[in-house]
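*Asks:* The structure is given below, and queries will be raised subsequently.
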Amino acid sequence: MPPRTIPPDAPFVVVMNGASGRRDADTAQTTVERLFREAGRVVTVHRAPHPSRLAATAQAAVRAAKETGAVVVGAGGDGTLNAVVHATLGSGCAFGVLPQGTFNYFARTHGIPTDSTEAGVDLLLRARAHPVQVGCINDRIFLVNASIGLYPEVLEDREQFKRQYGRTRFVALVSGLATLLRQHRQLRLRIERDDVVRELRTPTLFVGNNRLQLEQIGLSEAPGVERGCLAGVVVRPVGTLALAWLMLRGAVGRLGDADNVDTFAFRRIAVQAGWPIRRRRIKVATDGEVMRMAGPISFGVAPEPLMLLRPEPEEAAA
């Protein structure tokens with residue numbers, strides 16, 4: 001799909017997660033409204049009072065955007081963006097990002113400014129909407145990654161650590177190591193890919209849709225996500241210390257070289273956990289949010305791209 005030019009008078013509908021603290025949310029909303037107002041553009045902010053209300057808030061915002069021809073903007077981290085994109089994809093609305101998370105992988109991989117709200121709004125006011133790939137796990141979408149097994153456990157523990165010690169990347173690394181040092185179980189998986197069936201045991205299956213994150217952990221399949229593929233990572237059965245060593249290798253960009261890691265590119269796979277006994281519900285993670293899904297689990301590329309307001313390729317490269 002070709003890029004789409006946004007009309008110079010198009011309004012904006014911004015969806016925010018107001019659960020980070022009343023004062024912080026008030027400040028962020030005031031700043032966003034001021035910047036759009038100073039630029040002479042119409043903006044409406046929809047703020048979810050609680051994470052449980054984020055999906056409903058995003059759906060209401062998208063309905064309002066369709067009526068007025070507005071651009072839908074997600075303001076937050078990758079988890080918040082996931083909820084807003086889930087409501088936006090297929091609506092015909094263009095989508096913009098104001099990054100406010102810890103890692104901001106989705107924004108960074110597309111060249112969207114993460115250092116200030118002012119820079120983010122400036123981009124939204126002048127950017128065209130470009131098609132970008134979105135991943136699917138059953139009926140849910142993901143922008144950065146999706147996984148089953150040990151990785152969702154790591155994410156749950158990371159949230160507890162962050163509530164106690166702060167939302168930093170160092171805290172995320174320490175919490176991940178702490179999770180690995182606990183006892184964990186191996187999954188029995190049956191994976192169907194291109195009429196080929198593979199049965200294996202693994203602590204986790206990780207699927208990536210973000211070139212930046214995949215490059216940072218050292219996977220050669222990273223460029224594939226810009227050519228219509230997803231990247232799969234399977235860890236062979238290993239002990240606790242070996243898992244911790246693999247995590248450290250990923251932190252320094254050497255995971256793809258490890259002997260105990262299998263990586264592959266694909267467009268769609270079907271996964272049955274607990275083989276040969278099918279488990280009814282499986283814990284999964286999408287863009288940092290953990291939930292349970294009924295098996296079998298299907299990973300694939302969404303049939304429709306997301307029309308994202310992002311810099312032109314030459315600007316993003318610079």
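In the structure tokens, each chain is lettered A, B, ... as it comes, each chain's residues begin at 1, and ligands are numbered from 1 in order of appearance.
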For A:Phe206, list every protein, DNA or RNA residue within 7 Å, evaluated using only C-alpha atoms, and leave out those in the same chain fewer than 5 positions away; present the list as a ChimeraX atom specification.
*Replies:* /A:146-148,232-234
*Asks:* Please report as CSV every residue of stretch 15-126 of chain A lying within 12 Å of stretch 298-308 of chain A, along with the nearest atom pair and their distance in Å (one decimal), using only C-alpha atoms.
*Replies:*
residue,atom,partner,partner_atom,distance
A:Val71,CA,A:Leu308,CA,9.8
A:Val72,CA,A:Leu308,CA,9.8
A:Val73,CA,A:Leu308,CA,9.6
A:Gly74,CA,A:Leu308,CA,11.0
A:Leu81,CA,A:Leu308,CA,11.8
A:Asn82,CA,A:Leu306,CA,11.6
A:Val84,CA,A:Leu306,CA,11.5
A:Val85,CA,A:Leu306,CA,8.0
A:His86,CA,A:Leu306,CA,10.0
A:Ala87,CA,A:Leu306,CA,11.3
A:Thr88,CA,A:Leu306,CA,8.4
A:Leu89,CA,A:Leu306,CA,6.1
A:Gly90,CA,A:Glu304,CA,7.3
A:Ser91,CA,A:Leu306,CA,10.0
A:Gly92,CA,A:Met307,CA,8.4
A:Cys93,CA,A:Met307,CA,7.6
A:Ala94,CA,A:Met307,CA,5.2
A:Phe95,CA,A:Leu308,CA,4.9
A:Gly96,CA,A:Leu308,CA,5.8
A:Val97,CA,A:Leu308,CA,8.2
A:Leu98,CA,A:Leu308,CA,11.9
A:Phe106,CA,A:Leu308,CA,10.8
A:Ala107,CA,A:Leu308,CA,10.2
A:His110,CA,A:Leu308,CA,9.1
A:Gly111,CA,A:Leu308,CA,11.3
A:Ile112,CA,A:Leu308,CA,10.2
A:Leu123,CA,A:Leu308,CA,11.5
A:Leu124,CA,A:Leu308,CA,9.8
*Asks:* Please produce an output containing N, CA, C and O atoms for each residue in the selection, written as an mmCIF file, in the first residue's frame.
*Replies:*
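Contents of the output file part.cif:
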data_model
loop_
_atom_site.group_PDB
_atom_site.id
_atom_site.type_symbol
_atom_site.label_atom_id
_atom_site.label_comp_id
_atom_site.auth_asym_id
_atom_site.auth_seq_id
_atom_site.Cartn_x
_atom_site.Cartn_y
_atom_site.Cartn_z
ATOM 1 N N VAL A 71 -7.192 11.389 13.041
ATOM 2 C CA VAL A 71 -6.085 10.463 13.243
ATOM 3 C C VAL A 71 -6.153 9.963 14.684
ATOM 4 O O VAL A 71 -6.316 10.757 15.621
ATOM 5 N N VAL A 72 -6.040 8.639 14.886
ATOM 6 C CA VAL A 72 -6.012 8.063 16.225
ATOM 7 C C VAL A 72 -4.565 8.021 16.702
ATOM 8 O O VAL A 72 -3.682 7.560 15.988
ATOM 9 N N VAL A 73 -4.318 8.503 17.913
ATOM 10 C CA VAL A 73 -2.968 8.551 18.466
ATOM 11 C C VAL A 73 -2.945 7.789 19.790
ATOM 12 O O VAL A 73 -3.783 8.038 20.661
ATOM 13 N N GLY A 74 -1.994 6.887 19.932
ATOM 14 C CA GLY A 74 -1.780 6.188 21.195
ATOM 15 C C GLY A 74 -0.648 6.847 21.953
ATOM 16 O O GLY A 74 0.441 7.033 21.400
ATOM 17 N N LEU A 81 -0.035 1.030 23.427
ATOM 18 C CA LEU A 81 -0.165 1.121 21.973
ATOM 19 C C LEU A 81 -0.853 -0.116 21.411
ATOM 20 O O LEU A 81 -1.659 -0.015 20.468
ATOM 21 N N ASN A 82 -0.562 -1.273 21.962
ATOM 22 C CA ASN A 82 -1.196 -2.507 21.504
ATOM 23 C C ASN A 82 -2.711 -2.401 21.613
ATOM 24 O O ASN A 82 -3.442 -2.744 20.677
ATOM 25 N N VAL A 84 -4.613 0.264 21.729
ATOM 26 C CA VAL A 84 -5.170 1.276 20.828
ATOM 27 C C VAL A 84 -5.124 0.785 19.383
ATOM 28 O O VAL A 84 -6.071 0.984 18.616
ATOM 29 N N VAL A 85 -4.037 0.126 18.995
ATOM 30 C CA VAL A 85 -3.949 -0.413 17.638
ATOM 31 C C VAL A 85 -4.994 -1.505 17.422
ATOM 32 O O VAL A 85 -5.591 -1.604 16.339
ATOM 33 N N HIS A 86 -5.237 -2.314 18.447
ATOM 34 C CA HIS A 86 -6.245 -3.375 18.340
ATOM 35 C C HIS A 86 -7.599 -2.783 17.961
ATOM 36 O O HIS A 86 -8.358 -3.385 17.185
ATOM 37 N N ALA A 87 -7.922 -1.605 18.494
ATOM 38 C CA ALA A 87 -9.187 -0.949 18.165
ATOM 39 C C ALA A 87 -9.118 -0.227 16.822
ATOM 40 O O ALA A 87 -10.134 -0.069 16.146
ATOM 41 N N THR A 88 -7.927 0.196 16.412
ATOM 42 C CA THR A 88 -7.778 1.022 15.211
ATOM 43 C C THR A 88 -7.663 0.206 13.937
ATOM 44 O O THR A 88 -8.189 0.592 12.882
ATOM 45 N N LEU A 89 -6.972 -0.928 14.000
ATOM 46 C CA LEU A 89 -6.709 -1.727 12.806
ATOM 47 C C LEU A 89 -8.025 -2.154 12.148
ATOM 48 O O LEU A 89 -8.899 -2.716 12.782
ATOM 49 N N GLY A 90 -8.151 -1.872 10.870
ATOM 50 C CA GLY A 90 -9.359 -2.204 10.136
ATOM 51 C C GLY A 90 -10.412 -1.118 10.133
ATOM 52 O O GLY A 90 -11.442 -1.254 9.464
ATOM 53 N N SER A 91 -10.177 -0.026 10.858
ATOM 54 C CA SER A 91 -11.158 1.063 10.932
ATOM 55 C C SER A 91 -11.023 2.052 9.783
ATOM 56 O O SER A 91 -11.920 2.867 9.559
ATOM 57 N N GLY A 92 -9.886 2.041 9.087
ATOM 58 C CA GLY A 92 -9.630 3.038 8.055
ATOM 59 C C GLY A 92 -8.945 4.281 8.579
ATOM 60 O O GLY A 92 -8.574 5.158 7.794
ATOM 61 N N CYS A 93 -8.759 4.381 9.893
ATOM 62 C CA CYS A 93 -8.116 5.552 10.497
ATOM 63 C C CYS A 93 -6.598 5.388 10.468
ATOM 64 O O CYS A 93 -6.074 4.286 10.668
ATOM 65 N N ALA A 94 -5.897 6.490 10.223
ATOM 66 C CA ALA A 94 -4.450 6.501 10.379
ATOM 67 C C ALA A 94 -4.110 6.490 11.865
ATOM 68 O O ALA A 94 -4.919 6.910 12.706
ATOM 69 N N PHE A 95 -2.902 6.022 12.186
ATOM 70 C CA PHE A 95 -2.503 5.860 13.583
ATOM 71 C C PHE A 95 -1.195 6.585 13.837
ATOM 72 O O PHE A 95 -0.264 6.532 13.023
ATOM 73 N N GLY A 96 -1.130 7.281 14.973
ATOM 74 C CA GLY A 96 0.085 7.968 15.386
ATOM 75 C C GLY A 96 0.492 7.547 16.787
ATOM 76 O O GLY A 96 -0.298 6.951 17.527
ATOM 77 N N VAL A 97 1.736 7.873 17.154
ATOM 78 C CA VAL A 97 2.298 7.436 18.430
ATOM 79 C C VAL A 97 2.941 8.608 19.153
ATOM 80 O O VAL A 97 3.672 9.392 18.543
ATOM 81 N N LEU A 98 2.667 8.697 20.464
ATOM 82 C CA LEU A 98 3.401 9.572 21.372
ATOM 83 C C LEU A 98 4.012 8.662 22.436
ATOM 84 O O LEU A 98 3.349 8.282 23.396
ATOM 85 N N PHE A 106 8.403 -0.137 19.605
ATOM 86 C CA PHE A 106 7.623 0.115 18.394
ATOM 87 C C PHE A 106 7.950 1.485 17.819
ATOM 88 O O PHE A 106 8.191 1.625 16.614
ATOM 89 N N ALA A 107 7.994 2.502 18.661
ATOM 90 C CA ALA A 107 8.302 3.844 18.177
ATOM 91 C C ALA A 107 9.728 3.938 17.662
ATOM 92 O O ALA A 107 9.981 4.486 16.581
ATOM 93 N N HIS A 110 10.583 2.521 14.203
ATOM 94 C CA HIS A 110 10.022 3.267 13.076
ATOM 95 C C HIS A 110 10.501 4.714 13.030
ATOM 96 O O HIS A 110 9.944 5.526 12.279
ATOM 97 N N GLY A 111 11.519 5.041 13.813
ATOM 98 C CA GLY A 111 12.104 6.373 13.749
ATOM 99 C C GLY A 111 11.270 7.465 14.380
ATOM 100 O O GLY A 111 11.463 8.653 14.088
ATOM 101 N N ILE A 112 10.351 7.105 15.279
ATOM 102 C CA ILE A 112 9.487 8.093 15.931
ATOM 103 C C ILE A 112 10.202 8.642 17.162
ATOM 104 O O ILE A 112 10.727 7.868 17.966
ATOM 105 N N LEU A 123 6.126 15.657 14.684
ATOM 106 C CA LEU A 123 6.098 14.633 13.644
ATOM 107 C C LEU A 123 4.666 14.331 13.217
ATOM 108 O O LEU A 123 4.376 14.210 12.014
ATOM 109 N N LEU A 124 3.755 14.201 14.180
ATOM 110 C CA LEU A 124 2.368 13.886 13.851
ATOM 111 C C LEU A 124 1.751 14.944 12.939
ATOM 112 O O LEU A 124 0.920 14.637 12.078
#
*Asks:* For the atom pair atom CA of A:Arg193 and atom CA of A:Ala270, what is the interatomic distance in Å to one decimal place?
*Replies:*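 That distance, rounded to one decimal, is 6.8 Å.
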*Asks:* Apply DSSP to the backbone of this structure and, from stretch 85-273 of chain A, keep only the residues in helix (DSSP H, G or I); write these as a PyMOL selection string.
*Replies:* chain A and resi 85-88+105-109+117-126+150-165+169-180+211-217+222-226+240-251+255-257
*Asks:* Show which residues sit within 12 Å of A:Gly79, as a count of residues only. Count only C-alpha atoms, and ignore same-chain residues fewer than 4 positions away.
*Replies:* 32
*Asks:* Could you state the separation of atom CA of A:Leu248 and atom CA of A:Asp78 in Å, given to one decimal place?
*Replies:* 22.9 Å
*Asks:* For atom CA of A:Arg201 and atom CA of A:Leu187, quote the distance in Å rounded to one decimal.
*Replies:*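 We find that atom CA of A:Arg201 and atom CA of A:Leu187 lie 5.4 Å from each other.
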*Asks:* If you run DSSP on the backbone here, which positions in stretch 54-162 of chain A get strand (DSSP E or B)? Please write them as a list in words.
*Replies:*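 Result set for stretch 54-162 of chain A (strand (DSSP E or B)): Val71, Val72, Val73, Gly74, Ala75, Gly76, Phe95, Gly96, Val97, Leu98, Pro99, Arg128, Ala129, His130, Pro131, Val132, Gly135, Cys136, Ile137, Arg140, Ile141, Phe142, Asn145, Ala146, Ser147, Ile148 and Gly149 of chain A.
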*Asks:* What are the closest atom pairs, with distances in Å to one decimal, for each residue of stretch 38-136 of chain A lying within 10 Å of stretch 220-229 of chain A, using only C-alpha atoms, rows by chain and rising residue number, as a tab-separated table?
*Replies:*
residue	atom	partner	partner_atom	distance
A:Val132	CA	A:Glu226	CA	8.3
A:Gln133	CA	A:Gly228	CA	7.2
A:Val134	CA	A:Val225	CA	9.5
A:Gly135	CA	A:Cys229	CA	9.1
*Asks:* Could you give me, as a list in words, the residues within 12 Å of stretch 25-29 of chain A, counting only C-alpha atoms and dropping anything in the same chain fewer than 4 positions from it?
*Replies:*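 Near neighbours after the sequence-gap exclusion: Val13, Val14, Val15, Met16, Asn17, Gly18, Ala19, Ser20, Gly21, Glu33, Arg34, Leu35, Phe36, Val43, Thr44, Val45, His46, Arg47, Ala48, Pro49, His50, Ala75, Gly76, Leu98, Pro99, Gln100, Ser116, Thr117 and Glu118 of chain A.
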*Asks:* Extract, using only C-alpha atoms, all DNA, RNA and protein residues at most 7 Å from A:Ile297, discarding same-chain residues fewer than 3 positions from it, and format them as a compact mmCIF listing (two decimals) with C-alpha atoms, in the first residue's frame.
*Replies:*
# COMPACT_ATOMS: atom_id res chain seq x y z
CA ILE A 137 -1.76 -14.42 17.90
CA ASN A 138 -5.20 -15.98 17.50
CA ALA A 270 0.00 -23.28 14.53
CA VAL A 271 1.10 -24.34 18.02
CA GLN A 272 -0.53 -26.89 20.30
*Asks:* What lies within 12 Å of A:Arg37 using only C-alpha atoms, ignoring chain neighbours under 4 positions off, as a list in words?
*Replies:*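 Returned residues: Pro11, Phe12, Thr30, Thr31, Val32, Glu33, Arg41, Val42, Val43, Thr44, Val121 and Leu125 of chain A.
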*Asks:* Output N, CA and C atoms of each residue in that selection to a file, as an mmCIF file, in the first residue's frame.
*Replies:*
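again04.cif written:
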data_model
loop_
_atom_site.group_PDB
_atom_site.id
_atom_site.type_symbol
_atom_site.label_atom_id
_atom_site.label_comp_id
_atom_site.auth_asym_id
_atom_site.auth_seq_id
_atom_site.Cartn_x
_atom_site.Cartn_y
_atom_site.Cartn_z
ATOM 1 N N PRO A 11 -8.366 16.472 12.348
ATOM 2 C CA PRO A 11 -8.295 16.488 13.813
ATOM 3 C C PRO A 11 -7.560 15.254 14.329
ATOM 4 N N PHE A 12 -7.254 15.263 15.619
ATOM 5 C CA PHE A 12 -6.554 14.158 16.265
ATOM 6 C C PHE A 12 -7.353 13.698 17.483
ATOM 7 N N THR A 30 -2.364 17.883 29.603
ATOM 8 C CA THR A 30 -2.281 19.330 29.423
ATOM 9 C C THR A 30 -1.242 19.693 28.361
ATOM 10 N N THR A 31 -0.103 18.998 28.392
ATOM 11 C CA THR A 31 0.961 19.263 27.419
ATOM 12 C C THR A 31 0.511 18.925 26.012
ATOM 13 N N VAL A 32 -0.116 17.777 25.834
ATOM 14 C CA VAL A 32 -0.579 17.369 24.508
ATOM 15 C C VAL A 32 -1.612 18.360 23.977
ATOM 16 N N GLU A 33 -2.584 18.726 24.793
ATOM 17 C CA GLU A 33 -3.622 19.664 24.345
ATOM 18 C C GLU A 33 -3.018 21.017 23.987
ATOM 19 N N ARG A 41 -4.527 23.049 15.596
ATOM 20 C CA ARG A 41 -5.195 21.792 15.237
ATOM 21 C C ARG A 41 -6.137 21.360 16.357
ATOM 22 N N VAL A 42 -7.203 20.677 15.956
ATOM 23 C CA VAL A 42 -8.217 20.189 16.893
ATOM 24 C C VAL A 42 -7.756 18.851 17.465
ATOM 25 N N VAL A 43 -7.819 18.700 18.778
ATOM 26 C CA VAL A 43 -7.448 17.454 19.432
ATOM 27 C C VAL A 43 -8.434 17.140 20.545
ATOM 28 N N THR A 44 -8.764 15.862 20.682
ATOM 29 C CA THR A 44 -9.610 15.380 21.772
ATOM 30 C C THR A 44 -8.858 14.264 22.479
ATOM 31 N N VAL A 121 4.739 15.371 18.751
ATOM 32 C CA VAL A 121 3.612 16.094 18.165
ATOM 33 C C VAL A 121 4.034 16.749 16.855
ATOM 34 N N LEU A 125 2.145 16.180 13.103
ATOM 35 C CA LEU A 125 1.549 17.278 12.340
ATOM 36 C C LEU A 125 2.023 17.323 10.887
#
*Asks:* Point out the residue among A:Gly274, A:Gly218, A:Pro7, A:Pro2 with the least atom-to-atom distance to A:Met247, counting only C-alpha atoms.
*Replies:*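 Ranked by minimum distance to A:Met247, first place goes to A:Gly218.
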*Asks:* At a cut-off of 10 Å, using only C-alpha atoms, what residues contact A:Pro237? Leave out same-chain residues fewer than 6 positions from it and give the result as a ChimeraX atom specification.
*Replies:* /A:185-187,200-204,243,260-261
